[in-house]
$ cat input-v1.tsv   # TSV, C-alpha atoms and all ligand atoms
chain	number	residue	atom	x	y	z
Z	439	MET	CA	113.88	100.16	89.48
Z	440	ALA	CA	110.71	101.18	91.34
Z	441	VAL	CA	112.75	101.30	94.54
Z	442	VAL	CA	114.91	104.07	93.08
Z	443	ARG	CA	111.80	106.24	92.59
Z	444	LYS	CA	110.69	105.34	96.11
Z	445	LEU	CA	114.09	106.33	97.55
Z	446	GLU	CA	114.18	109.57	95.56
Z	447	GLU	CA	110.67	110.50	96.71
Z	448	ARG	CA	111.64	109.81	100.32
Z	449	ILE	CA	114.77	111.96	99.99
Z	450	LEU	CA	112.64	114.80	98.58
Z	451	LYS	CA	110.11	114.43	101.39
Z	452	ASP	CA	112.47	114.02	104.37
Z	453	GLY	CA	115.91	115.18	103.19
Z	454	ARG	CA	117.39	118.42	104.45
Z	455	VAL	CA	120.21	120.32	102.79
Z	456	TYR	CA	122.93	121.65	105.07
Z	457	PRO	CA	125.79	124.05	104.39
Z	458	GLY	CA	128.77	122.44	102.70
Z	459	ASN	CA	126.64	120.31	100.34
Z	460	VAL	CA	125.62	117.94	103.10
Z	461	LEU	CA	122.36	116.05	102.65
Z	462	LYS	CA	120.76	114.84	105.88
Z	463	ILE	CA	118.51	111.83	105.54
Z	464	ASP	CA	118.84	110.59	109.07
Z	465	THR	CA	115.11	110.07	109.60
Z	466	PHE	CA	115.21	106.94	107.44
Z	467	LEU	CA	118.76	105.91	106.44
Z	468	ASN	CA	121.49	106.56	108.94
Z	469	HIS	CA	120.10	107.48	112.35
Z	470	GLN	CA	116.46	106.47	112.49
Z	471	VAL	CA	116.16	103.63	109.97
Z	472	ASP	CA	113.19	102.69	107.80
Z	473	THR	CA	113.93	98.96	107.72
Z	474	GLN	CA	111.16	98.32	105.18
Z	475	LEU	CA	112.66	100.77	102.68
Z	476	LEU	CA	116.19	99.47	103.33
Z	477	GLY	CA	114.90	95.93	102.81
Z	478	ASP	CA	113.52	96.97	99.41
Z	479	MET	CA	116.82	98.64	98.54
Z	480	ALA	CA	118.68	95.49	99.60
Z	481	GLU	CA	116.54	93.41	97.20
Z	482	GLU	CA	117.55	95.76	94.40
Z	483	PHE	CA	121.25	95.38	95.26
Z	484	CYS	CA	120.83	91.60	95.31
Z	485	GLU	CA	119.31	91.67	91.82
Z	486	LEU	CA	122.10	93.91	90.56
Z	487	PHE	CA	124.89	91.72	91.94
Z	488	CYS	CA	123.31	88.26	92.04
Z	489	ASN	CA	125.58	86.90	89.28
Z	490	CYS	CA	128.81	87.90	91.00
Z	491	ASP	CA	129.18	84.88	93.29
Z	492	ILE	CA	129.67	87.13	96.33
Z	493	THR	CA	131.21	85.53	99.43
Z	494	LYS	CA	131.13	88.59	101.72
Z	495	VAL	CA	129.40	91.93	102.02
Z	496	PHE	CA	131.79	94.61	103.26
Z	497	THR	CA	130.96	98.03	104.70
Z	498	ILE	CA	132.21	100.60	107.21
Z	499	GLU	CA	130.80	101.40	110.63
Z	500	ALA	CA	128.50	102.83	111.62
Z	501	SER	CA	125.93	103.94	109.07
Z	502	GLY	CA	126.89	101.43	106.34
Z	503	ILE	CA	125.82	98.57	108.60
Z	504	ALA	CA	122.08	99.30	108.38
Z	505	ILE	CA	121.90	98.91	104.61
Z	506	ALA	CA	124.61	96.23	104.30
Z	507	THR	CA	122.93	93.88	106.80
Z	508	PRO	CA	119.79	93.05	104.73
Z	509	VAL	CA	121.96	92.69	101.61
Z	510	ALA	CA	124.17	90.10	103.33
Z	511	GLN	CA	121.11	88.35	104.70
Z	512	LEU	CA	119.49	88.07	101.26
Z	513	LEU	CA	122.76	86.90	99.66
Z	514	ARG	CA	123.25	84.46	102.56
Z	515	VAL	CA	126.83	85.54	103.14
Z	516	PRO	CA	128.58	87.12	106.14
Z	517	LEU	CA	128.64	90.86	106.64
Z	518	VAL	CA	132.01	92.35	107.56
Z	519	PHE	CA	132.24	95.95	108.68
Z	520	ALA	CA	135.50	97.85	108.86
Z	521	LYS	CA	136.02	99.70	112.12
Z	522	LYS	CA	137.20	103.24	112.59
Z	523	ALA	CA	140.24	103.41	114.87
Z	524	GLN	CA	141.79	106.52	116.41
Z	525	SER	CA	144.91	104.76	117.57
Z	526	ILE	CA	148.07	104.36	115.51
Z	527	ASN	CA	148.96	101.45	117.78
Z	528	LEU	CA	147.63	98.74	115.48
Z	529	GLY	CA	148.40	95.06	115.88
Z	530	ASP	CA	149.83	92.58	113.35
Z	531	ASP	CA	146.52	90.79	113.02
Z	532	LEU	CA	144.86	93.78	111.33
Z	533	TYR	CA	144.83	95.42	107.95
Z	534	ALA	CA	144.66	99.21	108.30
Z	535	THR	CA	144.35	102.11	105.91
Z	536	PRO	CA	143.88	105.87	106.50
Z	537	VAL	CA	140.63	107.65	105.52
Z	538	LYS	CA	139.74	111.33	105.43
Z	539	SER	CA	136.27	112.01	106.83
Z	540	TYR	CA	134.10	114.34	104.75
Z	541	THR	CA	131.53	115.02	107.44
Z	542	HIS	CA	133.92	115.25	110.40
Z	543	LYS	CA	136.89	116.84	108.61
Z	544	ARG	CA	139.55	114.61	110.12
Z	545	THR	CA	141.63	111.57	109.24
Z	546	TYR	CA	141.26	108.20	110.91
Z	547	ASP	CA	142.34	104.61	110.27
Z	548	VAL	CA	139.90	101.98	109.11
Z	549	ILE	CA	140.78	98.49	110.22
Z	550	VAL	CA	139.67	94.95	109.61
Z	551	ALA	CA	140.92	91.76	111.24
Z	552	LYS	CA	142.97	89.60	108.87
Z	553	TYR	CA	140.93	86.53	109.74
Z	554	VAL	CA	137.64	87.95	108.38
Z	555	LEU	CA	138.84	88.89	104.89
Z	556	ASN	CA	140.74	86.34	102.80
Z	557	ALA	CA	142.36	86.04	99.39
Z	558	ASP	CA	139.54	83.81	98.13
Z	559	ASP	CA	136.79	86.29	99.08
Z	560	ARG	CA	134.68	87.89	96.37
Z	561	VAL	CA	133.49	91.07	98.01
Z	562	LEU	CA	130.45	93.28	97.50
Z	563	ILE	CA	131.04	96.69	99.11
Z	564	ILE	CA	127.87	98.43	100.31
Z	565	ASP	CA	127.67	101.94	101.80
Z	566	ASP	CA	125.07	104.61	102.48
Z	567	PHE	CA	126.79	107.62	100.88
Z	568	LEU	CA	129.42	108.18	98.21
Z	569	ALA	CA	130.80	111.70	97.91
Z	570	ASN	CA	134.53	112.20	97.36
Z	571	GLY	CA	135.19	108.49	97.60
Z	572	CYS	CA	137.49	108.64	100.66
Z	573	ALA	CA	135.54	106.06	102.67
Z	574	LEU	CA	135.23	103.78	99.61
Z	575	ASN	CA	138.92	104.06	98.83
Z	576	GLY	CA	139.67	103.06	102.41
Z	577	LEU	CA	137.54	99.94	102.02
Z	578	LEU	CA	139.13	99.17	98.65
Z	579	GLY	CA	142.55	99.51	100.27
Z	580	LEU	CA	141.61	96.94	102.91
Z	581	VAL	CA	140.28	94.49	100.30
Z	582	GLU	CA	143.48	94.92	98.33
Z	583	LYS	CA	145.63	94.28	101.41
Z	584	ALA	CA	143.69	91.07	102.00
Z	585	ASP	CA	144.27	90.05	98.35
Z	586	ALA	CA	140.51	89.60	98.01
Z	587	THR	CA	138.51	90.60	94.90
Z	588	VAL	CA	136.01	93.45	94.63
Z	589	GLU	CA	133.08	92.17	92.57
Z	590	GLY	CA	130.89	95.20	92.96
Z	591	ILE	CA	130.05	98.36	94.87
Z	592	GLY	CA	126.48	99.26	95.85
Z	593	ILE	CA	125.69	102.75	97.16
Z	594	ALA	CA	122.38	104.04	98.48
Z	595	VAL	CA	122.99	107.72	97.70
Z	596	GLU	CA	125.76	109.04	95.47
Z	597	LYS	CA	126.46	112.75	95.36
Z	598	GLY	CA	127.13	112.92	91.64
Z	599	PHE	CA	128.52	116.45	91.77
Z	600	GLN	CA	131.44	115.21	93.88
Z	601	PRO	CA	134.15	113.17	92.16
Z	602	GLY	CA	134.10	109.81	93.99
Z	603	GLY	CA	131.65	107.94	91.75
Z	604	ALA	CA	133.11	109.08	88.42
Z	605	GLU	CA	136.63	108.17	89.54
Z	606	LEU	CA	135.64	104.68	90.67
Z	607	ARG	CA	133.77	103.99	87.40
Z	608	LYS	CA	136.80	105.22	85.46
Z	609	ARG	CA	138.93	102.74	87.37
Z	610	GLY	CA	136.60	99.99	86.13
Z	611	TYR	CA	134.67	99.15	89.28
Z	612	ASN	CA	131.15	97.75	88.88
Z	613	LEU	CA	129.54	100.59	90.84
Z	614	LYS	CA	125.76	100.93	91.14
Z	615	SER	CA	124.18	103.80	93.03
Z	616	LEU	CA	120.45	103.72	93.64
Z	617	ALA	CA	119.90	107.48	93.86
Z	618	ILE	CA	122.34	109.95	92.35
Z	619	VAL	CA	122.01	113.52	93.60
Z	620	GLU	CA	123.10	115.96	90.90
Z	621	GLU	CA	122.55	119.21	92.77
Z	622	LEU	CA	121.87	120.48	96.28
Z	623	ASN	CA	120.89	124.05	97.06
Z	624	GLU	CA	121.24	125.03	100.70
Z	625	ASP	CA	119.43	128.36	100.14
Z	626	ASN	CA	116.09	126.94	99.01
Z	627	GLY	CA	116.54	123.28	99.99
Z	628	MET	CA	116.29	122.07	96.39
Z	629	ILE	CA	117.49	118.51	95.67
Z	630	ARG	CA	117.87	117.43	92.03
Z	631	PHE	CA	118.56	113.85	90.91
Z	632	ARG	CA	120.40	112.52	87.88
Z	633	LYS	CA	117.99	110.90	85.43
Z	634	GLN	CA	118.87	107.20	85.21
L	1	LIG	P1	133.29	110.25	100.96
L	1	LIG	O1	134.31	109.53	101.77
L	1	LIG	O2	132.86	109.54	99.71
L	1	LIG	O3	133.66	111.69	100.69
L	1	LIG	O4	132.00	110.36	101.87
L	1	LIG	C1	131.38	109.21	102.26
L	1	LIG	C2	131.06	109.22	103.72
L	1	LIG	O5	130.91	110.54	104.23
L	1	LIG	C3	129.78	108.50	103.94
L	1	LIG	O6	130.02	107.25	104.50
L	1	LIG	C4	129.01	109.42	104.86
L	1	LIG	O7	129.17	108.98	106.18
L	1	LIG	C5	129.65	110.75	104.76
L	1	LIG	N1	128.95	111.72	103.88
L	1	LIG	C6	129.44	112.33	102.78
L	1	LIG	N2	128.56	113.21	102.28
L	1	LIG	C7	127.49	113.15	103.07
L	1	LIG	C8	126.22	113.83	103.08
L	1	LIG	O8	125.91	114.69	102.24
L	1	LIG	N3	125.36	113.48	104.04
L	1	LIG	C9	125.65	112.54	104.98
L	1	LIG	N4	124.70	112.27	105.87
L	1	LIG	N5	126.82	111.89	105.03
L	1	LIG	C10	127.73	112.19	104.08
$ encode --input "input-v1.tsv" --output "structure tokens" --more "lines below"
Ligand code: 5GP
Amino acid sequence: MAVVRKLEERILKDGRVYPGNVLKIDTFLNHQVDTQLLGDMAEEFCELFCNCDITKVFTIEASGIAIATPVAQLLRVPLVFAKKAQSINLGDDLYATPVKSYTHKRTYDVIVAKYVLNADDRVLIIDDFLANGCALNGLLGLVEKADATVEGIGIAVEKGFQPGGAELRKRGYNLKSLAIVEELNEDNGMIRFRKQ
């Protein structure tokens, strides 16, 4: 798990803590992207889920795509990303489910075309952040609507002090988070990780 140490060190070096328990790591993960580091993280996800016979990697636009792409490439399977839609006017050829946004404080629909997710798909969900689990639950809802199977969930950074991760593990999902942030302090910028 050397990559976990590498990711944690990078978060400590470049991460900034914002009010509302928001951790900004957009100089290497979800705005500017360190493709070398994400490639190393993708290798770790592949090792963790290599026995799951994955047929598709599934994420949500936009920031999930950067980390999900090298995972799909290494597993040699397609990447599918759910899209965020503002409109309620959704067609019959889509699965849709509502999601509450943590960072933008609003609700939107996530959608996926029926023809890219099938009942015989064994899905690995990959995302950059897990906090309250709203985004993940939206993706799980879409997989369920497609009658596909969730084989695993891989997260770059879990905020362990928010309930999403614990709830998903309780529900039996094979969830692996590379870095788990246990505490953020916006006053002094302190970031503390869970020992794994
Ligand atoms: P959740 O739906 O689990 O509450 O939050 C997951 C989504 O919200 C992620 O896909 C990410 O876009 C965003 N998010 C939640 N917490 C943070 C944070 O501390 N920093 C950043 N950059 N994004 C976050």
$ residues_near_ligand --input "input-v1.tsv" --ligand "ligand LIG 1 (chain L)" --cutoff "7 Å" --atoms "all atoms listed in the file" --output "short mmCIF file (atom, residue, chain, number, x, y, z; two decimals) with C-alpha atoms, keeping the file's coordinate frame"
data_model
loop_
_atom_site.label_atom_id
_atom_site.label_comp_id
_atom_site.auth_asym_id
_atom_site.auth_seq_id
_atom_site.Cartn_x
_atom_site.Cartn_y
_atom_site.Cartn_z
CA ASN Z 459 126.64 120.31 100.34
CA VAL Z 460 125.62 117.94 103.10
CA LEU Z 461 122.36 116.05 102.65
CA LYS Z 462 120.76 114.84 105.88
CA ILE Z 463 118.51 111.83 105.54
CA ASP Z 464 118.84 110.59 109.07
CA SER Z 501 125.93 103.94 109.07
CA GLY Z 502 126.89 101.43 106.34
CA LYS Z 538 139.74 111.33 105.43
CA SER Z 539 136.27 112.01 106.83
CA TYR Z 540 134.10 114.34 104.75
CA THR Z 541 131.53 115.02 107.44
CA ASP Z 565 127.67 101.94 101.80
CA ASP Z 566 125.07 104.61 102.48
CA PHE Z 567 126.79 107.62 100.88
CA LEU Z 568 129.42 108.18 98.21
CA ALA Z 569 130.80 111.70 97.91
CA ASN Z 570 134.53 112.20 97.36
CA GLY Z 571 135.19 108.49 97.60
CA CYS Z 572 137.49 108.64 100.66
CA ALA Z 573 135.54 106.06 102.67
CA LEU Z 574 135.23 103.78 99.61
CA GLY Z 602 134.10 109.81 93.99
#
$ atom_distance --input "input-v1.tsv" --atom1 "atom CA of Ile591 of chain Z" --atom2 "atom CA of His469 of chain Z"
22.1 Å
$ residues_around --input "input-v1.tsv" --residues "Ala510 of chain Z" --least-positions-apart "4" --cutoff "10 Å" --atoms "only C-alpha atoms" --output "compact mmCIF listing (two decimals) with C-alpha atoms, in the coordinates of the input"
# COMPACT_ATOMS: atom_id res chain seq x y z
CA ALA Z 480 118.68 95.49 99.60
CA CYS Z 484 120.83 91.60 95.31
CA ILE Z 492 129.67 87.13 96.33
CA THR Z 493 131.21 85.53 99.43
CA LYS Z 494 131.13 88.59 101.72
CA VAL Z 495 129.40 91.93 102.02
CA PHE Z 496 131.79 94.61 103.26
CA ILE Z 505 121.90 98.91 104.61
CA ALA Z 506 124.61 96.23 104.30
CA ARG Z 514 123.25 84.46 102.56
CA VAL Z 515 126.83 85.54 103.14
CA PRO Z 516 128.58 87.12 106.14
CA LEU Z 517 128.64 90.86 106.64
CA VAL Z 518 132.01 92.35 107.56
CA LEU Z 562 130.45 93.28 97.50
CA ILE Z 564 127.87 98.43 100.31
$ closest_residue --input "input-v1.tsv" --among "Z:Asn468, Z:Ser615, Z:Thr497, Z:Gln474" --to "Val548 of chain Z" --atoms "all atoms listed in the file"
Z:Thr497
$ residues_near_point --input "input-v1.tsv" --point "(141.8, 92.4, 114.3)" --cutoff "8 Å" --atoms "only C-alpha atoms" --output "list in words"
Gly529, Asp531, Leu532, Tyr533, Ile549, Val550, Ala551, Lys552 and Tyr553 of chain Z
$ write_last_selection --input "input-v1.tsv" --atoms "C-alpha atoms" --output "PDB file, in the frame of the given file"
ATOM      1  CA  GLY Z 529     148.400  95.060 115.880  1.00  0.00           C
ATOM      2  CA  ASP Z 531     146.520  90.790 113.020  1.00  0.00           C
ATOM      3  CA  LEU Z 532     144.860  93.780 111.330  1.00  0.00           C
ATOM      4  CA  TYR Z 533     144.830  95.420 107.950  1.00  0.00           C
ATOM      5  CA  ILE Z 549     140.780  98.490 110.220  1.00  0.00           C
ATOM      6  CA  VAL Z 550     139.670  94.950 109.610  1.00  0.00           C
ATOM      7  CA  ALA Z 551     140.920  91.760 111.240  1.00  0.00           C
ATOM      8  CA  LYS Z 552     142.970  89.600 108.870  1.00  0.00           C
ATOM      9  CA  TYR Z 553     140.930  86.530 109.740  1.00  0.00           C
TER      10      TYR Z 553
END
$ residues_near_point --input "input-v1.tsv" --point "(117.3, 125.6, 100.0)" --cutoff "10 Å" --atoms "all atoms listed in the file" --output "list in words"
Arg454, Val455, Tyr456, Pro457, Leu622, Asn623, Glu624, Asp625, Asn626, Gly627, Met628 and Ile629 of chain Z
$ axis_aligned_box --input "input-v1.tsv" --around "segment 533-537 of chain Z" --padding-each-side "5 Å" --output "JSON"
{"center_x": 142.7, "center_y": 101.5, "center_z": 106.9, "size_x": 14.2, "size_y": 22.2, "size_z": 12.8}
$ closest_residue --input "input-v1.tsv" --among "Z:Asp558, Z:Phe519, Z:Glu447, Z:Gly610" --to "Asp585 of chain Z" --atoms "only C-alpha atoms"
Z:Asp558
$ atom_distance --input "input-v1.tsv" --atom1 "atom CA of Arg632 of chain Z" --atom2 "atom CA of Val619 of chain Z"
6.0 Å
$ residues_around --input "input-v1.tsv" --residues "Gly576 of chain Z" --least-positions-apart "6" --cutoff "9 Å" --atoms "all atoms listed in the file" --output "CSV table (one decimal) with C-alpha atoms, in the coordinates of the input"
chain,number,residue,atom,x,y,z
Z,534,ALA,CA,144.7,99.2,108.3
Z,535,THR,CA,144.4,102.1,105.9
Z,536,PRO,CA,143.9,105.9,106.5
Z,537,VAL,CA,140.6,107.6,105.5
Z,538,LYS,CA,139.7,111.3,105.4
Z,547,ASP,CA,142.3,104.6,110.3
Z,548,VAL,CA,139.9,102.0,109.1
$ closest_residue --input "input-v1.tsv" --among "Z:Val595, Z:Val581, Z:Leu606, Z:Ile498" --to "Ile618 of chain Z" --atoms "all atoms listed in the file"
Z:Val595
$ decode --input "input-v1.tsv" --residues "segment 479-490 of chain Z" --atoms "N, CA and C atoms" --output "PDB file, in the first residue's frame"
ATOM      1  N   MET Z 479      -2.471   5.014  -8.351  1.00  0.00           N
ATOM      2  CA  MET Z 479      -3.676   4.693  -7.577  1.00  0.00           C
ATOM      3  C   MET Z 479      -4.537   3.677  -8.339  1.00  0.00           C
ATOM      4  N   ALA Z 480      -4.590   3.845  -9.656  1.00  0.00           N
ATOM      5  CA  ALA Z 480      -5.375   2.913 -10.480  1.00  0.00           C
ATOM      6  C   ALA Z 480      -4.808   1.497 -10.379  1.00  0.00           C
ATOM      7  N   GLU Z 481      -3.478   1.385 -10.346  1.00  0.00           N
ATOM      8  CA  GLU Z 481      -2.860   0.046 -10.199  1.00  0.00           C
ATOM      9  C   GLU Z 481      -3.280  -0.591  -8.888  1.00  0.00           C
ATOM     10  N   GLU Z 482      -3.353   0.226  -7.846  1.00  0.00           N
ATOM     11  CA  GLU Z 482      -3.771  -0.292  -6.534  1.00  0.00           C
ATOM     12  C   GLU Z 482      -5.225  -0.788  -6.599  1.00  0.00           C
ATOM     13  N   PHE Z 483      -6.103  -0.003  -7.225  1.00  0.00           N
ATOM     14  CA  PHE Z 483      -7.497  -0.441  -7.358  1.00  0.00           C
ATOM     15  C   PHE Z 483      -7.576  -1.745  -8.138  1.00  0.00           C
ATOM     16  N   CYS Z 484      -6.765  -1.855  -9.182  1.00  0.00           N
ATOM     17  CA  CYS Z 484      -6.796  -3.081  -9.991  1.00  0.00           C
ATOM     18  C   CYS Z 484      -6.387  -4.283  -9.161  1.00  0.00           C
ATOM     19  N   GLU Z 485      -5.360  -4.111  -8.308  1.00  0.00           N
ATOM     20  CA  GLU Z 485      -4.946  -5.214  -7.437  1.00  0.00           C
ATOM     21  C   GLU Z 485      -6.064  -5.582  -6.470  1.00  0.00           C
ATOM     22  N   LEU Z 486      -6.720  -4.551  -5.929  1.00  0.00           N
ATOM     23  CA  LEU Z 486      -7.769  -4.799  -4.932  1.00  0.00           C
ATOM     24  C   LEU Z 486      -8.981  -5.518  -5.529  1.00  0.00           C
ATOM     25  N   PHE Z 487      -9.264  -5.256  -6.808  1.00  0.00           N
ATOM     26  CA  PHE Z 487     -10.503  -5.789  -7.394  1.00  0.00           C
ATOM     27  C   PHE Z 487     -10.245  -6.750  -8.563  1.00  0.00           C
ATOM     28  N   CYS Z 488      -9.010  -7.239  -8.676  1.00  0.00           N
ATOM     29  CA  CYS Z 488      -8.674  -8.030  -9.873  1.00  0.00           C
ATOM     30  C   CYS Z 488      -9.381  -9.386  -9.907  1.00  0.00           C
ATOM     31  N   ASN Z 489      -9.881  -9.870  -8.764  1.00  0.00           N
ATOM     32  CA  ASN Z 489     -10.551 -11.172  -8.762  1.00  0.00           C
ATOM     33  C   ASN Z 489     -12.057 -11.058  -8.918  1.00  0.00           C
ATOM     34  N   CYS Z 490     -12.542  -9.901  -9.269  1.00  0.00           N
ATOM     35  CA  CYS Z 490     -13.996  -9.672  -9.274  1.00  0.00           C
ATOM     36  C   CYS Z 490     -14.623  -9.806 -10.660  1.00  0.00           C
TER      37      CYS Z 490
END
